[in-house]
Every structure is written in C-alpha cells, then in structure tokens.
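Next comes protein_33.pdb, with PDB, C-alpha atoms.
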```
ATOM      1  CA  MET A  23      -2.761  14.301  10.528
ATOM      2  CA  SER A  24      -5.731  12.597  12.193
ATOM      3  CA  GLY A  25      -3.626  10.171  14.218
ATOM      4  CA  GLU A  26      -1.630   8.822  11.285
ATOM      5  CA  ASN A  27       1.895   7.517  11.820
ATOM      6  CA  VAL A  28       4.269  10.230  10.568
ATOM      7  CA  VAL A  29       6.880   7.656   9.514
ATOM      8  CA  ASP A  30       4.281   5.871   7.355
ATOM      9  CA  ILE A  31       3.359   9.228   5.848
ATOM     10  CA  ILE A  32       6.974  10.026   4.990
ATOM     11  CA  TYR A  33       7.454   6.609   3.360
ATOM     12  CA  SER A  34       4.243   6.934   1.367
ATOM     13  CA  ASN A  35       5.252  10.337   0.000
ATOM     14  CA  LEU A  36       8.821   9.434  -1.007
ATOM     15  CA  SER A  37       8.035   8.850  -4.668
ATOM     16  CA  THR A  38       6.597  12.353  -5.105
ATOM     17  CA  MET A  39       9.066  14.322  -2.977
ATOM     18  CA  THR A  40      11.503  16.850  -4.349
ATOM     19  CA  GLN A  41      15.190  15.947  -4.142
ATOM     20  CA  THR A  42      15.541  18.350  -1.214
ATOM     21  CA  ASP A  43      12.658  16.751   0.696
ATOM     22  CA  LYS A  44      14.118  13.296  -0.007
ATOM     23  CA  LYS A  45      17.386  14.340   1.643
ATOM     24  CA  ILE A  46      15.502  15.354   4.791
ATOM     25  CA  ALA A  47      13.397  12.193   4.690
ATOM     26  CA  GLN A  48      16.520  10.018   4.462
ATOM     27  CA  VAL A  49      17.929  11.536   7.635
ATOM     28  CA  ILE A  50      14.676  11.098   9.554
ATOM     29  CA  LEU A  51      14.010   7.556   8.370
ATOM     30  CA  LYS A  52      17.553   6.447   9.176
ATOM     31  CA  ASN A  53      16.721   6.874  12.866
ATOM     32  CA  PRO A  54      13.440   8.542  13.912
ATOM     33  CA  GLY A  55      14.560   8.341  17.546
ATOM     34  CA  ASP A  56      17.637  10.452  16.884
ATOM     35  CA  ALA A  57      15.662  12.864  14.709
ATOM     36  CA  VAL A  58      13.353  13.654  17.638
ATOM     37  CA  ASN A  59      16.256  15.313  19.424
ATOM     38  CA  TYR A  60      17.555  17.389  16.500
ATOM     39  CA  THR A  61      17.099  21.122  16.362
ATOM     40  CA  ILE A  62      15.929  22.467  13.032
ATOM     41  CA  SER A  63      19.476  23.628  12.296
ATOM     42  CA  GLU A  64      20.911  20.192  13.151
ATOM     43  CA  LEU A  65      18.430  18.402  10.876
ATOM     44  CA  ALA A  66      19.163  20.875   8.089
ATOM     45  CA  ALA A  67      22.914  20.362   8.505
ATOM     46  CA  LYS A  68      22.665  16.556   8.467
ATOM     47  CA  ALA A  69      20.498  16.678   5.333
ATOM     48  CA  VAL A  70      22.713  19.367   3.764
ATOM     49  CA  VAL A  71      19.752  21.662   3.158
ATOM     50  CA  SER A  72      18.607  25.007   4.511
ATOM     51  CA  GLU A  73      16.420  25.520   7.587
ATOM     52  CA  ALA A  74      13.789  26.975   5.271
ATOM     53  CA  SER A  75      13.811  23.678   3.354
ATOM     54  CA  VAL A  76      13.076  21.777   6.587
ATOM     55  CA  SER A  77      10.134  24.088   7.252
ATOM     56  CA  ARG A  78       8.822  23.489   3.717
ATOM     57  CA  PHE A  79       9.282  19.736   4.223
ATOM     58  CA  CYS A  80       6.994  19.912   7.266
ATOM     59  CA  LYS A  81       4.396  21.964   5.394
ATOM     60  CA  ASN A  82       4.486  19.486   2.497
ATOM     61  CA  LEU A  83       3.575  16.737   4.995
ATOM     62  CA  GLN A  84       0.607  18.840   6.165
ATOM     63  CA  LEU A  85       2.327  19.589   9.477
ATOM     64  CA  SER A  86       2.090  23.011  11.113
ATOM     65  CA  GLY A  87       5.870  23.192  11.425
ATOM     66  CA  PHE A  88       9.060  21.652  12.764
ATOM     67  CA  HIS A  89       7.720  21.455  16.319
ATOM     68  CA  GLN A  90       4.784  19.293  15.212
ATOM     69  CA  LEU A  91       7.181  17.061  13.264
ATOM     70  CA  LYS A  92       9.126  16.423  16.488
ATOM     71  CA  ILE A  93       5.917  15.700  18.404
ATOM     72  CA  GLU A  94       4.775  13.198  15.788
ATOM     73  CA  LEU A  95       8.199  11.527  15.683
ATOM     74  CA  ALA A  96       8.224  11.241  19.475
ATOM     75  CA  LYS A  97       4.982   9.257  19.294
ATOM     76  CA  VAL A  98       6.553   6.533  17.155
ATOM     77  CA  SER A  99      10.284   6.673  17.880
ATOM     78  CA  ASP A 100      10.186   3.791  20.402
ATOM     79  CA  ASP A 101       8.502   1.417  17.939
ATOM     80  CA  GLU A 102      11.077  -0.725  16.115
ATOM     81  CA  SER A 103       8.662  -1.234  13.206
ATOM     82  CA  ASN A 104       9.236   2.398  12.260
ATOM     83  CA  TYR A 105      12.920   1.835  11.561
ATOM     84  CA  TYR A 106      14.288   0.722   8.213
ATOM     85  CA  LYS A 107      17.023  -1.836   8.765
ATOM     86  CA  VAL A 108      19.819  -1.583   6.228
ATOM     87  CA  ILE A 109      20.509  -4.688   4.139
ATOM     88  CA  ASN A 110      24.272  -5.220   4.040
ATOM     89  CA  ILE A 111      25.408  -8.152   1.898
ATOM     90  CA  ASP A 112      28.677  -8.425   3.877
ATOM     91  CA  ASN A 113      26.741 -10.231   6.595
ATOM     92  CA  ILE A 114      24.192 -12.530   4.951
ATOM     93  CA  GLN A 115      22.478 -13.721   8.135
ATOM     94  CA  GLN A 116      22.103 -10.193   9.442
ATOM     95  CA  ALA A 117      20.834  -9.066   6.042
ATOM     96  CA  ILE A 118      18.207 -11.836   6.116
ATOM     97  CA  ALA A 119      17.164 -10.809   9.633
ATOM     98  CA  ASN A 120      16.856  -7.178   8.528
ATOM     99  CA  ILE A 121      14.766  -8.135   5.495
ATOM    100  CA  ARG A 122      12.499 -10.101   7.848
ATOM    101  CA  ASP A 123      12.107  -7.123  10.171
ATOM    102  CA  ASN A 124      11.412  -4.697   7.314
ATOM    103  CA  LYS A 125       8.739  -6.994   5.854
ATOM    104  CA  ASN A 126       7.201  -7.594   9.278
ATOM    105  CA  ALA A 127       6.986  -3.829   9.658
ATOM    106  CA  GLU A 128       5.182  -3.494   6.321
ATOM    107  CA  ILE A 129       2.630  -6.129   7.322
ATOM    108  CA  THR A 130       2.134  -4.761  10.845
ATOM    109  CA  ASN A 131       1.705  -1.154   9.807
ATOM    110  CA  THR A 132      -0.544  -2.018   6.867
ATOM    111  CA  LEU A 133      -2.888  -3.978   9.131
ATOM    112  CA  ASN A 134      -2.814  -1.210  11.734
ATOM    113  CA  ASN A 135      -4.286   1.108   9.091
ATOM    114  CA  VAL A 136      -7.370  -1.081   8.564
ATOM    115  CA  THR A 137     -10.512   0.142  10.322
ATOM    116  CA  THR A 138     -13.526  -2.073  11.039
ATOM    117  CA  PRO A 139     -16.162   0.133   9.314
ATOM    118  CA  THR A 140     -14.135   0.400   6.097
ATOM    119  CA  ILE A 141     -13.210  -3.274   5.828
ATOM    120  CA  LYS A 142     -16.802  -4.352   6.505
ATOM    121  CA  LYS A 143     -18.076  -2.100   3.719
ATOM    122  CA  ILE A 144     -15.418  -3.417   1.326
ATOM    123  CA  MET A 145     -16.292  -7.025   2.176
ATOM    124  CA  LYS A 146     -20.006  -6.378   1.631
ATOM    125  CA  LEU A 147     -19.356  -4.635  -1.668
ATOM    126  CA  ILE A 148     -17.195  -7.488  -2.960
ATOM    127  CA  GLN A 149     -19.685 -10.146  -1.870
ATOM    128  CA  ASN A 150     -22.584  -8.357  -3.558
ATOM    129  CA  SER A 151     -20.720  -7.693  -6.813
ATOM    130  CA  HIS A 152     -21.648  -9.686  -9.886
ATOM    131  CA  ILE A 153     -18.074  -9.288 -11.158
ATOM    132  CA  LEU A 154     -15.013  -7.979  -9.351
ATOM    133  CA  GLN A 155     -12.531  -6.430 -11.743
ATOM    134  CA  ILE A 156      -9.001  -5.906 -10.403
ATOM    135  CA  ALA A 157      -6.538  -3.571 -12.102
ATOM    136  CA  ALA A 158      -2.941  -2.421 -11.706
ATOM    137  CA  GLU A 159       0.033  -1.369 -13.805
ATOM    138  CA  GLY A 160       3.532  -2.678 -14.363
ATOM    139  CA  ASN A 161       5.229  -4.451 -11.486
ATOM    140  CA  THR A 162       2.098  -4.290  -9.333
ATOM    141  CA  PHE A 163       0.233  -6.673 -11.652
ATOM    142  CA  PRO A 164       1.446  -9.863  -9.895
ATOM    143  CA  VAL A 165      -0.560  -8.678  -6.870
ATOM    144  CA  VAL A 166      -3.631  -8.410  -9.107
ATOM    145  CA  ALA A 167      -3.126 -11.889 -10.587
ATOM    146  CA  ASP A 168      -2.822 -13.344  -7.091
ATOM    147  CA  ALA A 169      -5.933 -11.471  -5.923
ATOM    148  CA  ALA A 170      -8.031 -12.676  -8.863
ATOM    149  CA  TYR A 171      -6.916 -16.268  -8.238
ATOM    150  CA  ARG A 172      -7.832 -16.065  -4.551
ATOM    151  CA  PHE A 173     -11.239 -14.441  -4.997
ATOM    152  CA  ASN A 174     -12.239 -16.825  -7.780
ATOM    153  CA  GLN A 175     -11.328 -19.710  -5.469
ATOM    154  CA  ILE A 176     -13.952 -18.621  -2.934
ATOM    155  CA  GLY A 177     -16.744 -18.076  -5.430
ATOM    156  CA  ILE A 178     -16.287 -14.392  -6.248
ATOM    157  CA  LEU A 179     -16.075 -14.008 -10.028
ATOM    158  CA  SER A 180     -12.970 -11.893 -10.632
ATOM    159  CA  ILE A 181     -11.347 -10.707 -13.845
ATOM    160  CA  CYS A 182      -8.100  -8.932 -14.706
ATOM    161  CA  SER A 183      -5.689  -8.379 -17.565
ATOM    162  CA  GLU A 184      -2.036  -7.404 -17.648
ATOM    163  CA  SER A 185      -2.789  -5.348 -20.765
ATOM    164  CA  TRP A 186      -4.384  -2.023 -19.811
ATOM    165  CA  GLN A 187      -6.050  -1.828 -23.220
ATOM    166  CA  THR A 188      -7.739  -5.187 -22.581
ATOM    167  CA  SER A 189      -8.557  -4.248 -19.002
ATOM    168  CA  ILE A 190     -10.280  -1.011 -20.039
ATOM    169  CA  GLY A 191     -12.205  -3.027 -22.650
ATOM    170  CA  GLN A 192     -13.429  -5.276 -19.836
ATOM    171  CA  THR A 193     -14.531  -2.223 -17.851
ATOM    172  CA  LEU A 194     -16.631  -1.011 -20.759
ATOM    173  CA  ASN A 195     -18.592  -4.273 -20.561
ATOM    174  CA  LEU A 196     -19.321  -4.020 -16.837
ATOM    175  CA  THR A 197     -22.288  -2.422 -15.053
ATOM    176  CA  ASP A 198     -23.429  -0.912 -11.772
ATOM    177  CA  LYS A 199     -23.658  -4.465 -10.396
ATOM    178  CA  ASP A 200     -19.866  -4.764 -10.646
ATOM    179  CA  THR A 201     -16.894  -3.374  -8.705
ATOM    180  CA  LEU A 202     -13.439  -2.180  -9.723
ATOM    181  CA  MET A 203     -10.533  -2.729  -7.339
ATOM    182  CA  VAL A 204      -7.451  -0.669  -8.207
ATOM    183  CA  ILE A 205      -4.038  -1.460  -6.692
ATOM    184  CA  SER A 206      -1.296   1.149  -7.037
ATOM    185  CA  ASN A 207       1.659   1.974  -4.803
ATOM    186  CA  SER A 208       1.845   5.642  -5.749
ATOM    187  CA  GLY A 209      -1.861   6.034  -6.455
ATOM    188  CA  GLU A 210      -0.998   8.373  -9.321
ATOM    189  CA  SER A 211      -1.254   6.269 -12.492
ATOM    190  CA  LYS A 212      -2.936   8.237 -15.282
ATOM    191  CA  SER A 213      -4.097   5.024 -16.950
ATOM    192  CA  LEU A 214      -5.743   3.733 -13.773
ATOM    193  CA  LEU A 215      -7.343   7.117 -13.120
ATOM    194  CA  LYS A 216      -8.785   6.953 -16.642
ATOM    195  CA  GLN A 217     -10.086   3.450 -15.902
ATOM    196  CA  ILE A 218     -11.746   4.689 -12.710
ATOM    197  CA  GLU A 219     -13.393   7.453 -14.719
ATOM    198  CA  VAL A 220     -14.768   4.891 -17.191
ATOM    199  CA  ALA A 221     -15.888   2.585 -14.359
ATOM    200  CA  LYS A 222     -17.801   5.408 -12.689
ATOM    201  CA  LYS A 223     -19.610   6.158 -15.948
ATOM    202  CA  GLN A 224     -20.634   2.492 -15.962
ATOM    203  CA  GLY A 225     -22.044   2.966 -12.461
ATOM    204  CA  MET A 226     -19.375   0.818 -10.777
ATOM    205  CA  ARG A 227     -18.068   1.314  -7.227
ATOM    206  CA  ILE A 228     -14.343   1.702  -6.657
ATOM    207  CA  ILE A 229     -12.031   0.117  -4.074
ATOM    208  CA  ALA A 230      -8.463   1.459  -3.982
ATOM    209  CA  ILE A 231      -5.343   0.062  -2.334
ATOM    210  CA  THR A 232      -2.525   2.647  -2.347
ATOM    211  CA  ASN A 233       0.269   3.974  -0.135
ATOM    212  CA  ARG A 234      -1.304   7.406   0.385
ATOM    213  CA  ASN A 235      -4.692   8.555   1.645
ATOM    214  CA  ASP A 236      -4.332  11.729  -0.406
ATOM    215  CA  SER A 237      -3.256  10.048  -3.641
ATOM    216  CA  PRO A 238      -5.409  10.874  -6.706
ATOM    217  CA  ILE A 239      -6.632   7.272  -6.962
ATOM    218  CA  ALA A 240      -7.495   7.089  -3.255
ATOM    219  CA  LEU A 241      -9.474  10.327  -3.509
ATOM    220  CA  GLU A 242     -11.478   8.983  -6.463
ATOM    221  CA  ALA A 243     -12.343   5.711  -4.709
ATOM    222  CA  ASP A 244     -15.449   4.904  -2.690
ATOM    223  CA  TYR A 245     -13.312   2.909  -0.254
ATOM    224  CA  HIS A 246      -9.572   3.022   0.349
ATOM    225  CA  LEU A 247      -7.056   0.832   2.166
ATOM    226  CA  ARG A 248      -3.672   2.437   2.826
ATOM    227  CA  THR A 249      -0.619   0.233   2.696
ATOM    228  CA  ALA A 250       2.551   0.933   4.678
ATOM    229  CA  VAL A 251       5.821   0.326   2.879
ATOM    230  CA  ARG A 252       9.304   0.108   4.312
ATOM    231  CA  GLN A 253      11.359   0.765   1.204
ATOM    232  CA  ARG A 254      14.613   2.695   1.237
ATOM    233  CA  VAL A 255      15.204   5.613  -1.107
ATOM    234  CA  LEU A 256      18.667   5.878  -2.613
ATOM    235  CA  GLN A 257      18.842   9.098  -4.622
ATOM    236  CA  SER A 258      16.035   8.550  -7.152
ATOM    237  CA  GLU A 259      15.854   4.761  -6.872
ATOM    238  CA  TYR A 260      13.473   2.663  -4.771
ATOM    239  CA  TYR A 261      13.283  -0.939  -3.724
ATOM    240  CA  PHE A 262       9.793  -1.888  -4.845
ATOM    241  CA  SER A 263       7.726  -3.984  -2.438
ATOM    242  CA  ARG A 264       4.534  -5.937  -3.105
ATOM    243  CA  VAL A 265       4.232  -7.301   0.431
ATOM    244  CA  ALA A 266       2.023  -4.514   1.785
ATOM    245  CA  ALA A 267      -0.473  -4.650  -1.105
ATOM    246  CA  MET A 268      -0.628  -8.459  -0.950
ATOM    247  CA  THR A 269      -1.253  -8.189   2.801
ATOM    248  CA  ALA A 270      -4.262  -5.939   2.194
ATOM    249  CA  VAL A 271      -5.682  -8.348  -0.398
ATOM    250  CA  GLU A 272      -5.072 -11.424   1.738
ATOM    251  CA  THR A 273      -6.731  -9.736   4.710
ATOM    252  CA  ILE A 274      -9.935  -9.267   2.707
ATOM    253  CA  PHE A 275      -9.683 -12.849   1.426
ATOM    254  CA  LEU A 276      -9.239 -14.377   4.897
ATOM    255  CA  LEU A 277     -11.987 -12.255   6.454
ATOM    256  CA  LEU A 278     -14.415 -13.340   3.731
ATOM    257  CA  ILE A 279     -13.621 -16.990   4.539
ATOM    258  CA  ALA A 280     -13.994 -16.354   8.272
ATOM    259  CA  GLU A 281     -17.384 -14.758   7.654
ATOM    260  CA  ASP A 282     -18.631 -17.673   5.536
ATOM    261  CA  ARG A 283     -16.878 -20.979   6.237
ATOM    262  CA  GLU A 284     -18.666 -22.568   3.269
ATOM    263  CA  ARG A 285     -16.197 -20.729   1.074
ATOM    264  CA  LEU A 286     -13.620 -23.297   2.184
ATOM    265  CA  SER A 287     -15.542 -25.992   0.333
ATOM    266  CA  LYS A 288     -15.197 -23.957  -2.857
ATOM    267  CA  ILE A 289     -11.414 -23.874  -2.372
ATOM    268  CA  MET A 290     -11.425 -27.648  -1.834
ATOM    269  CA  ASP A 291     -13.480 -28.190  -5.006
ATOM    270  CA  HIS A 292     -11.033 -26.093  -6.976
ATOM    271  CA  GLU A 293      -7.981 -27.816  -5.487
ATOM    272  CA  THR A 294      -9.487 -31.228  -6.234
ATOM    273  CA  ILE A 295      -9.987 -30.380  -9.886
ATOM    274  CA  ILE A 296      -6.526 -28.931 -10.421
ATOM    275  CA  SER A 297      -4.835 -31.713  -8.451
ATOM    276  CA  ASP A 298      -5.217 -33.972 -11.490
ATOM    277  CA  THR A 299      -2.663 -31.829 -13.276
ATOM    278  CA  LYS A 300      -0.002 -32.445 -10.646
ATOM    279  CA  VAL A 301       2.502 -35.306 -10.746
TER     280      VAL A 301
END
```
Render the structure in this file as structure tokens.
Amino acid sequence: MSGENVVDIIYSNLSTMTQTDKKIAQVILKNPGDAVNYTISELAAKAVVSEASVSRFCKNLQLSGFHQLKIELAKVSDDESNYYKVINIDNIQQAIANIRDNKNAEITNTLNNVTTPTIKKIMKLIQNSHILQIAAEGNTFPVVADAAYRFNQIGILSICSESWQTSIGQTLNLTDKDTLMVISNSGESKSLLKQIEVAKKQGMRIIAITNRNDSPIALEADYHLRTAVRQRVLQSEYYFSRVAAMTAVETIFLLLIAEDRERLSKIMDHETIISDTKV
C-alpha cells in the first residue's frame, strides 16, 4: 500500500466495489476505530456477508489479508478526519457541524496526498504550456470551469468546453507545446480516456486529478494528484463532492502565485476590467 491511508483507499474504491464489498466498507467506514477490534467473523456478521467475502474484500484492496487490514486501520483509527459524520436533518446545527467536519477531512486528506516532487513538476509543466486544456464530464465540469477561470486570471491560457465533442475538437488542434488536465472522481470515464489517447497522439502531456492512484485515467497520466473524498454510500447511491477536486486545483493556483507574485497584478488587471460590469 506504500504508506497510503486505508480509509482513503476504501472511499476511493466505493464506486467500483461489488455490493458485497460495499456492505463491508460501510461497516468499516462507520467507525474505523471499532473495526480495528473486530475478528473476521464479527466483521462478516455485522456486514451480513461470509468470512470468505471479507478475505476477498482485503485482496481487492491489495492487502495481504484481514490481519493487514487491521494493522492499516490501527494506523488511522485515532484520526477524526477518517470518520464520516452522519448528517441528520433532525438537528440542523449538528448536521452543519458534521458537514463542516466531513469537508475539512476531504481538504486535509487531499492535501496530505500531495508530494513536493510531483507538484513542482505539475507547476513547471503548466507554466511552460502554450495552452492548458482542462476536461471533465458531467457534474465534475463546474470544477473545470472554475479552474479555467483561475488559470486564465494569472496569465495561463486555459480552454475548456462542457461539450465533450467540442472539447475533443479542441484537443485535435493542440500540439506538444500544450497540456491536458483531466479531472474525474472515478478516473474511469471512457470519453476522457479517449481524449487522453488523442492528446498523446498530439504529443501533449497529461495531468490527472482522480480519487484513485490505480484508476485507468491516473495510470495514463504523466502526473497524478489523488483526491480524498468523504462521501457516504447508501446502497448504490453516493453524495457527490467537488470539494476535493477544487482543493487540488486551488492548491496549484495558489502555489503558482506564491512562486511568481507578479501574477497578482494580472488578477488585478482582470478584476479592474470586469469591475465596470458591476453595479
């Protein structure tokens, strides 16, 4: 597991788990501290699955077995950021506090995944790109629109399109002087994988932001940032979160400003021009 947080790994794999694995994941994520003390039979009973299913769950997470799962859980069980706090509408103030804690956990764990060598290479690649194209699908696109706005503000020419057909047309007009940034929670979009394939034929470099290091999109990228979500699975439904992906983008944005303070003047120029449109 190379030092990765096992709770982050479970969250990042939720969307691709079998229904049986999701049952086990629900029990663990409800309280990792309690799960540390379960025997394999106790965990199986609480999840209403077989002991063999628990063993397969561990193997599917690339763990050697149940014993390693307990070891990895013990490493993180004291950290409150690894607990999902249930949002109960019966107590609004408590629900708000729990939303705050869940979002803080997403931000904290996403930033904990960022390594200095990788972020420096990503920053250099973006700065040296003639055009930065940013792509995503569906409900992830608002993150892309925000990213393009931010990077254009600091003098990095960025393009995007909510239409994949238009976006792939843009890619066909780009060259090896340009970069494609792909943002995808699951990292499994066939359309985005096709776009990466086209971008590589154009000689472009690829930056990926996904929830899994082993996702197909992450594996195709030159550089990858892994986000950490804290979303609760209820049967087959998920609460979608953009906070983690936006955190990764904003981190790059703020580091680029910190590296070159003259970028602030570009933001001021932009704000001055658009201020005329405000009442």
Kindly give the distance, in Å, that separates atom CA of A:Cys182 and atom CA of A:Thr269, rounded to a single decimal.
18.8 Å
Given the file shown, enumerate the residues that the PyMOL selection byres ((chain A and resi 168-177) around 9) captures and present them as a PDB file with C-alpha atoms, in the coordinates of the input.
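Output below, filename expr_13.pdb:
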```
ATOM      1  CA  LEU A 154     -15.013  -7.979  -9.351  1.00  0.00           C
ATOM      2  CA  GLN A 155     -12.531  -6.430 -11.743  1.00  0.00           C
ATOM      3  CA  ILE A 156      -9.001  -5.906 -10.403  1.00  0.00           C
ATOM      4  CA  PHE A 163       0.233  -6.673 -11.652  1.00  0.00           C
ATOM      5  CA  PRO A 164       1.446  -9.863  -9.895  1.00  0.00           C
ATOM      6  CA  VAL A 165      -0.560  -8.678  -6.870  1.00  0.00           C
ATOM      7  CA  VAL A 166      -3.631  -8.410  -9.107  1.00  0.00           C
ATOM      8  CA  ALA A 167      -3.126 -11.889 -10.587  1.00  0.00           C
ATOM      9  CA  ILE A 178     -16.287 -14.392  -6.248  1.00  0.00           C
ATOM     10  CA  LEU A 179     -16.075 -14.008 -10.028  1.00  0.00           C
ATOM     11  CA  SER A 180     -12.970 -11.893 -10.632  1.00  0.00           C
ATOM     12  CA  ILE A 181     -11.347 -10.707 -13.845  1.00  0.00           C
ATOM     13  CA  CYS A 182      -8.100  -8.932 -14.706  1.00  0.00           C
ATOM     14  CA  MET A 268      -0.628  -8.459  -0.950  1.00  0.00           C
ATOM     15  CA  VAL A 271      -5.682  -8.348  -0.398  1.00  0.00           C
ATOM     16  CA  GLU A 272      -5.072 -11.424   1.738  1.00  0.00           C
ATOM     17  CA  PHE A 275      -9.683 -12.849   1.426  1.00  0.00           C
ATOM     18  CA  LEU A 278     -14.415 -13.340   3.731  1.00  0.00           C
ATOM     19  CA  ILE A 279     -13.621 -16.990   4.539  1.00  0.00           C
ATOM     20  CA  GLU A 284     -18.666 -22.568   3.269  1.00  0.00           C
ATOM     21  CA  ARG A 285     -16.197 -20.729   1.074  1.00  0.00           C
ATOM     22  CA  LEU A 286     -13.620 -23.297   2.184  1.00  0.00           C
ATOM     23  CA  SER A 287     -15.542 -25.992   0.333  1.00  0.00           C
ATOM     24  CA  LYS A 288     -15.197 -23.957  -2.857  1.00  0.00           C
ATOM     25  CA  ILE A 289     -11.414 -23.874  -2.372  1.00  0.00           C
ATOM     26  CA  MET A 290     -11.425 -27.648  -1.834  1.00  0.00           C
ATOM     27  CA  ASP A 291     -13.480 -28.190  -5.006  1.00  0.00           C
ATOM     28  CA  HIS A 292     -11.033 -26.093  -6.976  1.00  0.00           C
ATOM     29  CA  GLU A 293      -7.981 -27.816  -5.487  1.00  0.00           C
TER      30      GLU A 293
END
```
What does the PyMOL selection byres ((chain A and resi 129) around 9) select in this file, as a PyMOL selection string?
chain A and resi 124-128+130-134+249-251+265-266+269-270
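Minimum atom-to-atom distance to A:Met226, evaluated using all atoms listed in the file, belongs to A:Ile153 out of A:Met145, A:Ile153, A:Ala267, A:Leu65.
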Would you please work out which residue, of A:Glu281, A:Glu184, A:Glu64, A:Glu159, is nearest to A:Gly209 when using all atoms listed in the file?
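Residue with the minimum atom-to-atom distance to A:Gly209: A:Glu159.
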Stretch 175-227 of chain A near stretch 31-54 of chain A within 12 Å: what's each residue's closest atom pair and its distance in Å to one decimal, counting all atoms listed in the file, ordered by chain then ascending residue number, as a Markdown table?
```
| residue | atom | partner | partner_atom | distance |
| --- | --- | --- | --- | --- |
| A:Ser206 | CA | A:Ser34 | CA | 11.6 |
| A:Asn207 | CA | A:Ser34 | CA | 8.3 |
| A:Ser208 | CA | A:Ser37 | CA | 7.1 |
| A:Gly209 | CA | A:Ser34 | CA | 10.0 |
| A:Glu210 | CA | A:Thr38 | CA | 9.6 |
```
Could you check how far atom CA of A:Thr162 sits from atom CA of A:Gln224, in Å to one decimal?
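Interatomic distance, atom CA of A:Thr162 to atom CA of A:Gln224: 24.6 Å.
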Translate the PyMOL selection byres ((chain A and resi 60) around 12), as applied to the file shown, into an explicit residue set as a PyMOL selection string.
chain A and resi 49-50+53-59+61-69+76+88-89+91-93+95-96
